[in-house]
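*Asks:* Structure: my_file.pdb, PDB, C-alpha atoms and all ligand atoms.
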```pdb
ATOM      1  CA  MET A   1      88.513 118.192  81.984
ATOM      2  CA  GLY A   2      91.876 116.415  81.864
ATOM      3  CA  GLY A   3      94.073 116.097  84.892
ATOM      4  CA  VAL A   4      94.726 113.240  87.277
ATOM      5  CA  ALA A   5      92.302 111.335  89.520
ATOM      6  CA  VAL A   6      93.805 109.251  92.322
ATOM      7  CA  VAL A   7      92.016 106.307  93.951
ATOM      8  CA  CYS A   8      93.213 106.494  97.563
ATOM      9  CA  GLY A   9      93.294 104.538 100.784
ATOM     10  CA  GLY A  10      95.263 105.904 103.716
ATOM     11  CA  VAL A  11      98.966 106.146 104.436
ATOM     12  CA  GLY A  12     100.466 104.889 101.141
ATOM     13  CA  ALA A  13      98.098 107.016  99.081
ATOM     14  CA  ALA A  14      98.820 110.111 101.168
ATOM     15  CA  ARG A  15     102.548 109.648 100.640
ATOM     16  CA  LEU A  16     102.133 109.422  96.852
ATOM     17  CA  LEU A  17      99.866 112.488  96.885
ATOM     18  CA  ASN A  18     102.771 114.390  98.444
ATOM     19  CA  GLY A  19     104.548 113.845  95.124
ATOM     20  CA  LEU A  20     101.505 114.307  92.912
ATOM     21  CA  VAL A  21     100.811 117.788  94.286
ATOM     22  CA  GLU A  22     104.257 118.744  92.978
ATOM     23  CA  VAL A  23     103.784 117.428  89.446
ATOM     24  CA  VAL A  24     100.069 118.072  88.843
ATOM     25  CA  ALA A  25      98.365 121.475  89.023
ATOM     26  CA  ALA A  26      95.999 121.695  92.013
ATOM     27  CA  ASP A  27      92.997 122.375  89.774
ATOM     28  CA  GLU A  28      93.819 119.225  87.790
ATOM     29  CA  LEU A  29      94.259 116.846  90.747
ATOM     30  CA  THR A  30      91.409 114.967  92.464
ATOM     31  CA  ALA A  31      91.803 112.413  95.248
ATOM     32  CA  VAL A  32      88.922 109.921  95.510
ATOM     33  CA  VAL A  33      89.327 108.555  99.034
ATOM     34  CA  ASN A  34      88.133 105.429 100.834
ATOM     35  CA  VAL A  35      85.562 105.862 103.600
ATOM     36  CA  GLY A  36      85.120 102.170 104.428
ATOM     37  CA  ASP A  37      87.461 102.649 107.427
ATOM     38  CA  ASP A  38      85.125 105.287 108.857
ATOM     39  CA  MET A  39      83.512 104.635 112.188
ATOM     40  CA  GLU A  40      81.381 106.175 114.901
ATOM     41  CA  LEU A  41      83.074 106.216 118.311
ATOM     42  CA  HIS A  42      82.320 108.430 121.371
ATOM     43  CA  GLY A  43      79.413 109.753 119.293
ATOM     44  CA  LEU A  44      81.924 111.095 116.738
ATOM     45  CA  HIS A  45      82.219 110.331 113.031
ATOM     46  CA  ILE A  46      85.855 109.469 112.342
ATOM     47  CA  SER A  47      87.218 109.314 108.759
ATOM     48  CA  PRO A  48      90.779 107.952 109.043
ATOM     49  CA  ASP A  49      91.717 107.838 105.358
ATOM     50  CA  LEU A  50      90.323 111.303 104.584
ATOM     51  CA  ASP A  51      92.144 112.728 107.623
ATOM     52  CA  THR A  52      95.386 110.912 106.785
ATOM     53  CA  VAL A  53      95.345 112.448 103.294
ATOM     54  CA  VAL A  54      94.648 115.958 104.655
ATOM     55  CA  TYR A  55      97.128 115.749 107.524
ATOM     56  CA  THR A  56      99.893 114.216 105.391
ATOM     57  CA  VAL A  57      99.717 116.513 102.379
ATOM     58  CA  SER A  58      99.408 119.596 104.598
ATOM     59  CA  GLY A  59     102.523 118.465 106.474
ATOM     60  CA  GLN A  60     100.789 118.016 109.848
ATOM     61  CA  VAL A  61     100.789 114.230 110.035
ATOM     62  CA  SER A  62     102.722 112.394 112.721
ATOM     63  CA  ARG A  63     105.816 111.151 110.884
ATOM     64  CA  GLU A  64     106.227 108.323 113.390
ATOM     65  CA  ARG A  65     102.666 106.992 113.069
ATOM     66  CA  GLY A  66     101.687 108.004 109.534
ATOM     67  CA  TRP A  67      98.272 109.019 110.887
ATOM     68  CA  GLY A  68      97.062 111.610 113.380
ATOM     69  CA  LEU A  69      98.907 114.834 114.089
ATOM     70  CA  GLU A  70     102.526 115.624 114.939
ATOM     71  CA  GLY A  71     103.124 116.763 118.534
ATOM     72  CA  GLU A  72      99.807 115.314 119.662
ATOM     73  CA  THR A  73      98.702 115.027 123.317
ATOM     74  CA  TRP A  74      96.274 112.407 124.609
ATOM     75  CA  GLN A  75      94.632 114.015 127.646
ATOM     76  CA  ALA A  76      91.058 113.387 126.527
ATOM     77  CA  MET A  77      91.725 109.707 125.866
ATOM     78  CA  GLU A  78      93.397 109.384 129.263
ATOM     79  CA  MET A  79      90.202 110.696 130.828
ATOM     80  CA  VAL A  80      88.117 108.236 128.787
ATOM     81  CA  GLY A  81      90.450 105.431 129.865
ATOM     82  CA  ARG A  82      90.147 106.477 133.511
ATOM     83  CA  TYR A  83      86.408 105.812 133.281
ATOM     84  CA  GLY A  84      86.876 102.477 131.546
ATOM     85  CA  GLY A  85      85.647 103.949 128.267
ATOM     86  CA  ALA A  86      86.708 103.015 124.737
ATOM     87  CA  ASP A  87      90.363 104.069 124.693
ATOM     88  CA  TRP A  88      91.503 101.320 122.288
ATOM     89  CA  PHE A  89      91.369 103.743 119.335
ATOM     90  CA  SER A  90      93.793 106.570 120.082
ATOM     91  CA  LEU A  91      92.278 109.948 119.310
ATOM     92  CA  GLY A  92      94.666 112.822 120.000
ATOM     93  CA  ASP A  93      93.426 116.045 121.603
ATOM     94  CA  ARG A  94      93.897 118.089 118.418
ATOM     95  CA  ASP A  95      92.623 115.287 116.158
ATOM     96  CA  LEU A  96      89.449 115.247 118.265
ATOM     97  CA  GLY A  97      88.769 118.765 117.045
ATOM     98  CA  THR A  98      88.526 117.447 113.498
ATOM     99  CA  HIS A  99      86.012 114.795 114.542
ATOM    100  CA  LEU A 100      84.025 117.302 116.621
ATOM    101  CA  PHE A 101      83.720 119.656 113.645
ATOM    102  CA  ARG A 102      82.922 116.860 111.163
ATOM    103  CA  THR A 103      80.302 115.306 113.443
ATOM    104  CA  ASP A 104      78.697 118.666 114.163
ATOM    105  CA  GLN A 105      78.493 119.563 110.464
ATOM    106  CA  LEU A 106      77.181 116.126 109.436
ATOM    107  CA  GLY A 107      74.586 116.530 112.182
ATOM    108  CA  LEU A 108      73.422 119.721 110.451
ATOM    109  CA  GLY A 109      72.750 117.605 107.374
ATOM    110  CA  ARG A 110      75.814 118.644 105.367
ATOM    111  CA  PRO A 111      77.289 115.866 103.177
ATOM    112  CA  LEU A 112      80.699 114.409 104.062
ATOM    113  CA  SER A 113      82.128 115.727 100.781
ATOM    114  CA  GLU A 114      81.287 119.327 101.715
ATOM    115  CA  VAL A 115      82.634 118.966 105.260
ATOM    116  CA  THR A 116      85.804 117.372 103.896
ATOM    117  CA  ALA A 117      86.279 120.333 101.551
ATOM    118  CA  ASP A 118      86.064 122.695 104.552
ATOM    119  CA  ILE A 119      88.628 120.651 106.503
ATOM    120  CA  ALA A 120      91.007 120.396 103.521
ATOM    121  CA  SER A 121      90.894 124.119 102.787
ATOM    122  CA  ALA A 122      91.373 124.941 106.475
ATOM    123  CA  TRP A 123      94.735 123.172 106.143
ATOM    124  CA  GLY A 124      95.548 125.081 102.959
ATOM    125  CA  LEU A 125      95.051 122.214 100.512
ATOM    126  CA  ASP A 126      93.898 123.411  97.091
ATOM    127  CA  PHE A 127      93.538 120.146  95.162
ATOM    128  CA  THR A 128      90.188 118.342  95.308
ATOM    129  CA  ILE A 129      89.673 115.708  98.012
ATOM    130  CA  LEU A 130      86.485 113.678  97.701
ATOM    131  CA  PRO A 131      85.151 110.836  99.802
ATOM    132  CA  VAL A 132      84.203 108.175  97.260
ATOM    133  CA  THR A 133      80.644 108.420  98.612
ATOM    134  CA  ASP A 134      78.670 110.602 101.026
ATOM    135  CA  ASP A 135      76.633 107.529 101.964
ATOM    136  CA  ARG A 136      77.367 104.990 104.685
ATOM    137  CA  LEU A 137      79.969 102.401 103.617
ATOM    138  CA  ARG A 138      81.752 100.156 106.135
ATOM    139  CA  THR A 139      84.490  97.617 105.482
ATOM    140  CA  MET A 140      83.798  94.488 107.509
ATOM    141  CA  VAL A 141      86.197  91.553 107.816
ATOM    142  CA  THR A 142      85.488  88.011 108.958
ATOM    143  CA  VAL A 143      88.050  86.490 111.315
ATOM    144  CA  PRO A 144      88.196  83.116 113.101
ATOM    145  CA  ASP A 145      86.462  82.874 116.496
ATOM    146  CA  ASP A 146      84.956  86.389 116.386
ATOM    147  CA  GLY A 147      83.180  86.199 113.015
ATOM    148  CA  GLU A 148      82.531  89.524 111.258
ATOM    149  CA  ILE A 149      84.097  92.615 112.861
ATOM    150  CA  SER A 150      84.580  96.187 111.724
ATOM    151  CA  PHE A 151      87.733  97.203 109.916
ATOM    152  CA  GLN A 152      89.078  99.218 112.860
ATOM    153  CA  GLU A 153      88.360  96.420 115.316
ATOM    154  CA  TYR A 154      90.555  94.282 113.040
ATOM    155  CA  PHE A 155      93.188  96.849 112.123
ATOM    156  CA  VAL A 156      93.576  98.567 115.520
ATOM    157  CA  GLY A 157      91.642  96.461 118.002
ATOM    158  CA  ARG A 158      93.524  93.317 116.988
ATOM    159  CA  GLN A 159      96.519  95.075 115.414
ATOM    160  CA  HIS A 160      95.573  93.153 112.219
ATOM    161  CA  SER A 161      97.245  90.115 113.808
ATOM    162  CA  VAL A 162      94.424  87.657 113.034
ATOM    163  CA  PRO A 163      93.822  85.995 109.648
ATOM    164  CA  VAL A 164      90.964  87.319 107.525
ATOM    165  CA  THR A 165      88.732  84.825 105.720
ATOM    166  CA  SER A 166      86.551  87.339 103.869
ATOM    167  CA  VAL A 167      85.951  91.071 103.373
ATOM    168  CA  ARG A 168      82.585  92.762 102.834
ATOM    169  CA  PHE A 169      81.697  96.389 102.111
ATOM    170  CA  ASP A 170      78.558  96.915 104.126
ATOM    171  CA  GLY A 171      76.046  99.205 102.437
ATOM    172  CA  ALA A 172      78.060  99.466  99.196
ATOM    173  CA  GLU A 173      75.148  98.522  96.957
ATOM    174  CA  ARG A 174      73.105 101.417  98.378
ATOM    175  CA  THR A 175      75.858 104.013  98.034
ATOM    176  CA  ARG A 176      76.206 106.557  95.253
ATOM    177  CA  PRO A 177      79.467 108.184  94.169
ATOM    178  CA  ALA A 178      79.886 111.563  95.870
ATOM    179  CA  PRO A 179      79.369 114.637  93.663
ATOM    180  CA  GLY A 180      82.316 115.015  91.316
ATOM    181  CA  VAL A 181      83.690 111.482  91.703
ATOM    182  CA  LEU A 182      82.488 110.039  88.390
ATOM    183  CA  ASP A 183      83.239 113.296  86.541
ATOM    184  CA  ALA A 184      86.798 113.228  87.895
ATOM    185  CA  LEU A 185      87.334 109.567  86.976
ATOM    186  CA  ASN A 186      85.722 109.902  83.546
ATOM    187  CA  GLY A 187      87.390 113.202  82.709
ATOM    188  CA  ALA A 188      90.926 112.521  83.917
ATOM    189  CA  ASP A 189      93.718 111.969  81.437
ATOM    190  CA  ARG A 190      95.212 109.602  84.016
ATOM    191  CA  ILE A 191      93.663 107.527  86.800
ATOM    192  CA  VAL A 192      96.198 106.506  89.436
ATOM    193  CA  VAL A 193      95.483 103.687  91.892
ATOM    194  CA  ALA A 194      97.643 104.599  94.889
ATOM    195  CA  PRO A 195      99.843 102.075  96.748
ATOM    196  CA  SER A 196      97.169 101.285  99.319
ATOM    197  CA  ASN A 197      95.893  97.903 100.455
ATOM    198  CA  PRO A 198      93.989  96.397  97.479
ATOM    199  CA  ALA A 199      91.647  94.277  99.618
ATOM    200  CA  VAL A 200      90.521  96.722 102.306
ATOM    201  CA  SER A 201      91.452 100.214 101.067
ATOM    202  CA  ILE A 202      91.127 100.246  97.269
ATOM    203  CA  ASP A 203      88.354  97.660  96.853
ATOM    204  CA  PRO A 204      85.844  99.548  99.033
ATOM    205  CA  VAL A 205      86.300 102.560  96.742
ATOM    206  CA  LEU A 206      85.697 100.314  93.728
ATOM    207  CA  ALA A 207      82.648  98.814  95.439
ATOM    208  CA  VAL A 208      80.655 102.041  95.108
ATOM    209  CA  PRO A 209      78.347 101.425  92.107
ATOM    210  CA  GLY A 210      79.689 103.045  88.957
ATOM    211  CA  VAL A 211      83.295 103.445  90.097
ATOM    212  CA  ALA A 212      84.874 100.135  89.038
ATOM    213  CA  GLU A 213      82.992 100.362  85.735
ATOM    214  CA  VAL A 214      84.820 103.582  84.877
ATOM    215  CA  LEU A 215      88.220 102.035  85.546
ATOM    216  CA  ARG A 216      87.280  98.887  83.597
ATOM    217  CA  ARG A 217      86.188 100.968  80.602
ATOM    218  CA  ARG A 218      89.192 103.300  80.840
ATOM    219  CA  ARG A 219      91.712 100.567  81.755
ATOM    220  CA  GLU A 220      94.332 101.955  79.350
ATOM    221  CA  ALA A 221      94.369 105.216  81.316
ATOM    222  CA  VAL A 222      94.701 103.492  84.686
ATOM    223  CA  VAL A 223      98.110 103.161  86.374
ATOM    224  CA  ALA A 224      98.504 101.424  89.739
ATOM    225  CA  VAL A 225     101.524 101.609  92.021
ATOM    226  CA  SER A 226     102.114  98.261  93.705
ATOM    227  CA  PRO A 227     101.731  98.373  97.512
ATOM    228  CA  ILE A 228     103.769  95.153  97.668
ATOM    229  CA  VAL A 229     107.557  95.374  97.315
ATOM    230  CA  GLY A 230     109.663  92.236  97.399
ATOM    231  CA  GLY A 231     106.636  90.229  98.505
ATOM    232  CA  LYS A 232     105.999  92.456 101.531
ATOM    233  CA  ALA A 233     103.756  95.407 102.355
ATOM    234  CA  LEU A 234     105.691  98.506 103.383
ATOM    235  CA  LYS A 235     103.109  99.166 106.098
ATOM    236  CA  GLY A 236     100.043  97.267 107.279
ATOM    237  CA  PRO A 237      98.666  93.830 106.398
ATOM    238  CA  ALA A 238      98.367  94.032 102.584
ATOM    239  CA  ASP A 239     100.801  91.132 102.093
ATOM    240  CA  ARG A 240      99.060  88.805 104.528
ATOM    241  CA  LEU A 241      95.593  89.778 103.285
ATOM    242  CA  LEU A 242      96.505  88.937  99.681
ATOM    243  CA  VAL A 243      97.554  85.447 100.813
ATOM    244  CA  GLU A 244      94.593  85.006 103.176
ATOM    245  CA  LEU A 245      92.274  85.958 100.307
ATOM    246  CA  GLY A 246      93.840  83.488  97.894
ATOM    247  CA  ARG A 247      96.474  85.474  96.023
ATOM    248  CA  GLU A 248     100.240  85.457  96.266
ATOM    249  CA  SER A 249     101.891  88.270  98.151
ATOM    250  CA  SER A 250     103.849  89.660  95.241
ATOM    251  CA  VAL A 251     103.559  92.128  92.385
ATOM    252  CA  VAL A 252     102.155  89.199  90.385
ATOM    253  CA  GLY A 253      99.426  88.775  93.004
ATOM    254  CA  VAL A 254      98.692  92.511  92.835
ATOM    255  CA  ALA A 255      98.574  92.336  89.024
ATOM    256  CA  GLY A 256      96.090  89.464  89.242
ATOM    257  CA  TRP A 257      93.979  91.475  91.685
ATOM    258  CA  TYR A 258      93.819  94.529  89.430
ATOM    259  CA  ARG A 259      94.128  93.089  85.922
ATOM    260  CA  ASP A 260      90.559  93.929  84.773
ATOM    261  CA  LEU A 261      90.784  97.572  85.884
ATOM    262  CA  VAL A 262      94.420  98.569  85.591
ATOM    263  CA  GLY A 263      96.404  98.837  82.342
ATOM    264  CA  THR A 264      99.829  99.578  83.862
ATOM    265  CA  LEU A 265     101.425  98.390  87.094
ATOM    266  CA  VAL A 266     104.397 100.259  88.558
ATOM    267  CA  ILE A 267     106.656  97.895  90.493
ATOM    268  CA  ASP A 268     109.829  98.394  92.482
ATOM    269  CA  GLU A 269     113.366  97.706  91.274
ATOM    270  CA  VAL A 270     113.588  94.714  93.628
ATOM    271  CA  ASP A 271     110.778  93.077  91.636
ATOM    272  CA  ARG A 272     112.343  93.675  88.231
ATOM    273  CA  ASP A 273     112.700  89.915  87.659
ATOM    274  CA  LEU A 274     108.909  89.531  88.009
ATOM    275  CA  ALA A 275     108.116  92.101  85.309
ATOM    276  CA  ASP A 276     107.583  89.414  82.643
ATOM    277  CA  GLU A 277     105.159  87.483  84.854
ATOM    278  CA  VAL A 278     103.176  90.684  85.430
ATOM    279  CA  ALA A 279     103.215  91.453  81.695
ATOM    280  CA  ALA A 280     101.995  87.917  81.013
ATOM    281  CA  LEU A 281      98.780  88.863  82.849
ATOM    282  CA  GLY A 282      98.181  91.539  80.245
ATOM    283  CA  LEU A 283      99.429  94.621  82.083
ATOM    284  CA  GLU A 284     102.076  97.070  80.989
ATOM    285  CA  VAL A 285     104.855  97.135  83.584
ATOM    286  CA  VAL A 286     107.094  99.962  84.690
ATOM    287  CA  VAL A 287     110.014  99.267  87.015
ATOM    288  CA  THR A 288     111.236 102.119  89.195
ATOM    289  CA  GLU A 289     111.966 103.068  92.797
ATOM    290  CA  THR A 290     108.637 102.914  94.633
ATOM    291  CA  ILE A 291     109.834 103.150  98.254
ATOM    292  CA  MET A 292     109.149 106.807  99.007
ATOM    293  CA  ALA A 293     112.063 107.207 101.432
ATOM    294  CA  GLU A 294     112.743 110.782 100.380
ATOM    295  CA  PRO A 295     110.960 113.576  98.501
ATOM    296  CA  ALA A 296     112.997 113.137  95.301
ATOM    297  CA  ILE A 297     111.857 109.497  95.027
ATOM    298  CA  THR A 298     108.267 110.440  95.825
ATOM    299  CA  ARG A 299     108.303 113.093  93.117
ATOM    300  CA  ARG A 300     109.800 110.737  90.537
ATOM    301  CA  LEU A 301     107.261 108.043  91.429
ATOM    302  CA  ALA A 302     104.449 110.566  91.007
ATOM    303  CA  GLU A 303     105.856 111.577  87.614
ATOM    304  CA  THR A 304     106.038 107.907  86.620
ATOM    305  CA  ALA A 305     102.461 107.249  87.716
ATOM    306  CA  VAL A 306     101.222 110.237  85.714
ATOM    307  CA  ASP A 307     103.363 109.472  82.661
ATOM    308  CA  PRO A 308     104.691 105.874  82.695
ATOM    309  CA  ALA A 309     106.426 106.390  79.343
ATOM    310  CA  SER A 310     108.714 108.896  81.075
ATOM    311  CA  ALA A 311     110.248 106.094  83.123
ATOM    312  CA  ARG A 312     110.951 103.584  80.388
TER     313      ARG A 312
HETATM  314  N1  LIG B 401      95.949 103.162 113.903
HETATM  315  C1  LIG B 401      96.407 102.388 114.930
HETATM  316  O1  LIG B 401      97.134 101.419 114.685
HETATM  317  N2  LIG B 401      96.068 102.649 116.230
HETATM  318  C2  LIG B 401      95.259 103.677 116.570
HETATM  319  O2  LIG B 401      94.959 103.868 117.755
HETATM  320  C3  LIG B 401      94.788 104.539 115.517
HETATM  321  C4  LIG B 401      93.984 105.648 115.787
HETATM  322  C5  LIG B 401      93.624 106.512 114.720
HETATM  323  C6  LIG B 401      92.903 107.672 114.963
HETATM  324  C7  LIG B 401      92.556 108.517 113.918
HETATM  325  C8  LIG B 401      92.919 108.196 112.610
HETATM  326  O3  LIG B 401      92.612 109.023 111.584
HETATM  327  C9  LIG B 401      93.644 107.015 112.334
HETATM  328  C10 LIG B 401      93.995 106.177 113.399
HETATM  329  N3  LIG B 401      94.724 105.004 113.166
HETATM  330  C11 LIG B 401      95.156 104.218 114.203
HETATM  331  C12 LIG B 401      95.089 104.590 111.803
HETATM  332  C13 LIG B 401      93.890 103.975 111.083
HETATM  333  O4  LIG B 401      93.373 102.872 111.764
HETATM  334  C14 LIG B 401      94.401 103.587 109.686
HETATM  335  O5  LIG B 401      95.131 104.658 109.206
HETATM  336  C15 LIG B 401      93.362 103.435 108.603
HETATM  337  O6  LIG B 401      92.113 103.213 109.031
HETATM  338  C16 LIG B 401      93.900 102.348 107.673
HETATM  339  O7  LIG B 401      94.479 102.972 106.593
END
```
Just give me the structure as structure tokens.
*Replies:*
Amino acid sequence: MGGVAVVCGGVGAARLLNGLVEVVAADELTAVVNVGDDMELHGLHISPDLDTVVYTVSGQVSRERGWGLEGETWQAMEMVGRYGGADWFSLGDRDLGTHLFRTDQLGLGRPLSEVTADIASAWGLDFTILPVTDDRLRTMVTVPDDGEISFQEYFVGRQHSVPVTSVRFDGAERTRPAPGVLDALNGADRIVVAPSNPAVSIDPVLAVPGVAEVLRRRREAVVAVSPIVGGKALKGPADRLLVELGRESSVVGVAGWYRDLVGTLVIDEVDRDLADEVAALGLEVVVTETIMAEPAITRRLAETAVDPASAR
């Protein structure tokens, strides 16, 4: 089967996929995407990471936000707000169309993987985008005072400004990999773990029974791009979460998080002096530009992830 399988969260993964679609043939590229961020709101099934991948790679994503659509309007949410409804999670008028279609199709009994394929092809994407599972999986985080809350209540409701004491993937033990997920991971020449948040975006994917086992067994084929650069996350709370969950917020902390599943860690130039510490944990290390500030860097990072030897 060959090709490249990419374990994806949201924004960081979508950005790397923008480069991967240039260096890997569409029929050899599969994105296995987190669904732990999914939620039901206004009676709609919302899949933020799947939509962020589709919107970003098809060029429709809001550049300012990194999620949702460019040129969005918010009339529907204004109406909801007028009535005192749940307007804390901003759903744009065009984005709502995606959730209306997805919810309608799921209601007809179609699996999320099939509906996602329809949405991806409607935006002209020809590589394979799979939810890691068609079953219900929800990332829950425990925070002081409020106890266990949903991922979006943490990430958006509280702007991830509260410390997290633990993370749980509700329903994970009952989920099965979606059709094609294990084949893609087992058959790929290269498995790439995208620069998404290890604790709340990558780990829920790995929590689906059977998935982590493939990476553990195929560790030599697995390359991760660090989401932490110079001790900080480029976007979101990955740095704070690593510390709150007992690791250091550095490429060494990321290496420790992934060491059983990932054979090679790609780190940024600014972390070059930590390469030996990462290697001491038993990972190969590649140092390159990982801040995808422009397409040329994104493309080179994708090439490095697919073929680390090309960057040495
Ligand atoms: N992120 C926010 O910070 N605020 C929002 O109101 C918000 C709404 C939203 C709607 C649809 C969607 O697909 C994503 C949205 N996000 C929002 C981002 C989302 O919370 C994150 O992208 C992922 O869940 C984490 O990767």
*Asks:* Please list as a ChimeraX atom specification every residue within 7 Å of Pro111 of chain A, counting only C-alpha atoms and excluding residues in the same chain fewer than 4 positions away.
*Replies:* /A:106,115,134
*Asks:* Go through A:Thr264, A:Gln60, A:Gln159, A:Ser121 one by one, measure the shortest atom-to-atom distance of each to ligand LIG 401 (chain B) using all atoms listed in the file, and give the residue with the smallest value.
*Replies:* A:Gln159
*Asks:* Kindly provide the residues of chain A that approach ligand LIG 401 (chain B) to within 9 Å, each paired with its closest atom pair and their distance in Å to one decimal, based on all atoms listed in the file, listed by chain and increasing number, as JSON lines.
*Replies:*
```
{"residue": "A:Gly9", "atom": "CA", "partner": "B:LIG401", "partner_atom": "O7", "distance": 6.1}
{"residue": "A:Gly10", "atom": "CA", "partner": "B:LIG401", "partner_atom": "O7", "distance": 4.2}
{"residue": "A:Val11", "atom": "CA", "partner": "B:LIG401", "partner_atom": "O7", "distance": 5.9}
{"residue": "A:Gly12", "atom": "CA", "partner": "B:LIG401", "partner_atom": "O7", "distance": 8.3}
{"residue": "A:Asn34", "atom": "CA", "partner": "B:LIG401", "partner_atom": "O7", "distance": 8.9}
{"residue": "A:Val35", "atom": "CA", "partner": "B:LIG401", "partner_atom": "O6", "distance": 8.9}
{"residue": "A:Gly36", "atom": "CA", "partner": "B:LIG401", "partner_atom": "O6", "distance": 8.4}
{"residue": "A:Asp37", "atom": "CA", "partner": "B:LIG401", "partner_atom": "O6", "distance": 5.0}
{"residue": "A:Asp38", "atom": "CA", "partner": "B:LIG401", "partner_atom": "O6", "distance": 7.3}
{"residue": "A:Ile46", "atom": "CA", "partner": "B:LIG401", "partner_atom": "O3", "distance": 6.8}
{"residue": "A:Ser47", "atom": "CA", "partner": "B:LIG401", "partner_atom": "O3", "distance": 6.1}
{"residue": "A:Pro48", "atom": "CA", "partner": "B:LIG401", "partner_atom": "O3", "distance": 3.3}
{"residue": "A:Asp49", "atom": "CA", "partner": "B:LIG401", "partner_atom": "C15", "distance": 5.7}
{"residue": "A:Leu50", "atom": "CA", "partner": "B:LIG401", "partner_atom": "O3", "distance": 7.7}
{"residue": "A:Asp51", "atom": "CA", "partner": "B:LIG401", "partner_atom": "O3", "distance": 5.4}
{"residue": "A:Thr52", "atom": "CA", "partner": "B:LIG401", "partner_atom": "O3", "distance": 5.9}
{"residue": "A:Arg65", "atom": "CA", "partner": "B:LIG401", "partner_atom": "N1", "distance": 7.8}
{"residue": "A:Gly66", "atom": "CA", "partner": "B:LIG401", "partner_atom": "O5", "distance": 7.4}
{"residue": "A:Trp67", "atom": "CA", "partner": "B:LIG401", "partner_atom": "C9", "distance": 5.2}
{"residue": "A:Gly68", "atom": "CA", "partner": "B:LIG401", "partner_atom": "C8", "distance": 5.4}
{"residue": "A:Leu69", "atom": "CA", "partner": "B:LIG401", "partner_atom": "O3", "distance": 8.9}
{"residue": "A:Asp87", "atom": "CA", "partner": "B:LIG401", "partner_atom": "O2", "distance": 8.3}
{"residue": "A:Trp88", "atom": "CA", "partner": "B:LIG401", "partner_atom": "O2", "distance": 6.2}
{"residue": "A:Phe89", "atom": "CA", "partner": "B:LIG401", "partner_atom": "O2", "distance": 3.9}
{"residue": "A:Ser90", "atom": "CA", "partner": "B:LIG401", "partner_atom": "O2", "distance": 3.8}
{"residue": "A:Leu91", "atom": "CA", "partner": "B:LIG401", "partner_atom": "C6", "distance": 4.9}
{"residue": "A:Gly92", "atom": "CA", "partner": "B:LIG401", "partner_atom": "C6", "distance": 7.4}
{"residue": "A:Asp95", "atom": "CA", "partner": "B:LIG401", "partner_atom": "C7", "distance": 7.1}
{"residue": "A:Leu96", "atom": "CA", "partner": "B:LIG401", "partner_atom": "C7", "distance": 8.6}
{"residue": "A:Phe151", "atom": "CA", "partner": "B:LIG401", "partner_atom": "O6", "distance": 7.5}
{"residue": "A:Gln152", "atom": "CA", "partner": "B:LIG401", "partner_atom": "O4", "distance": 5.7}
{"residue": "A:Glu153", "atom": "CA", "partner": "B:LIG401", "partner_atom": "O4", "distance": 8.9}
{"residue": "A:Phe155", "atom": "CA", "partner": "B:LIG401", "partner_atom": "O4", "distance": 6.0}
{"residue": "A:Val156", "atom": "CA", "partner": "B:LIG401", "partner_atom": "O1", "distance": 4.6}
{"residue": "A:Gly157", "atom": "CA", "partner": "B:LIG401", "partner_atom": "N2", "distance": 7.8}
{"residue": "A:Gln159", "atom": "CA", "partner": "B:LIG401", "partner_atom": "O1", "distance": 6.4}
{"residue": "A:His160", "atom": "CA", "partner": "B:LIG401", "partner_atom": "O1", "distance": 8.8}
{"residue": "A:Ser196", "atom": "CA", "partner": "B:LIG401", "partner_atom": "O7", "distance": 7.9}
{"residue": "A:Asn197", "atom": "CA", "partner": "B:LIG401", "partner_atom": "O7", "distance": 8.1}
{"residue": "A:Val200", "atom": "CA", "partner": "B:LIG401", "partner_atom": "C16", "distance": 8.5}
{"residue": "A:Ser201", "atom": "CA", "partner": "B:LIG401", "partner_atom": "O7", "distance": 6.9}
{"residue": "A:Gly236", "atom": "CA", "partner": "B:LIG401", "partner_atom": "C16", "distance": 8.0}
```
*Asks:* List, as a PDB file with C-alpha atoms, keeping the file's coordinate frame, every residue that the PyMOL selection byres (((chain A and resi 186) around 10) and not hetatm) selects in the file provided.
*Replies:*
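Result file is selection-v4.pdb:
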```
ATOM      1  CA  MET A   1      88.513 118.192  81.984  1.00  0.00           C
ATOM      2  CA  GLY A   2      91.876 116.415  81.864  1.00  0.00           C
ATOM      3  CA  ALA A   5      92.302 111.335  89.520  1.00  0.00           C
ATOM      4  CA  GLY A 180      82.316 115.015  91.316  1.00  0.00           C
ATOM      5  CA  VAL A 181      83.690 111.482  91.703  1.00  0.00           C
ATOM      6  CA  LEU A 182      82.488 110.039  88.390  1.00  0.00           C
ATOM      7  CA  ASP A 183      83.239 113.296  86.541  1.00  0.00           C
ATOM      8  CA  ALA A 184      86.798 113.228  87.895  1.00  0.00           C
ATOM      9  CA  LEU A 185      87.334 109.567  86.976  1.00  0.00           C
ATOM     10  CA  GLY A 187      87.390 113.202  82.709  1.00  0.00           C
ATOM     11  CA  ALA A 188      90.926 112.521  83.917  1.00  0.00           C
ATOM     12  CA  ASP A 189      93.718 111.969  81.437  1.00  0.00           C
ATOM     13  CA  ARG A 190      95.212 109.602  84.016  1.00  0.00           C
ATOM     14  CA  ILE A 191      93.663 107.527  86.800  1.00  0.00           C
ATOM     15  CA  VAL A 211      83.295 103.445  90.097  1.00  0.00           C
ATOM     16  CA  VAL A 214      84.820 103.582  84.877  1.00  0.00           C
ATOM     17  CA  LEU A 215      88.220 102.035  85.546  1.00  0.00           C
ATOM     18  CA  ARG A 217      86.188 100.968  80.602  1.00  0.00           C
ATOM     19  CA  ARG A 218      89.192 103.300  80.840  1.00  0.00           C
TER      20      ARG A 218
END
```
*Asks:* In terms of the shortest atom-to-atom distance over all atoms listed in the file, which of A:Gly59, A:Gly246, A:Gly230, A:Gly43 is closest to Leu100 of chain A?
*Replies:*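 That would be A:Gly43, the residue with the smallest distance to Leu100 of chain A.
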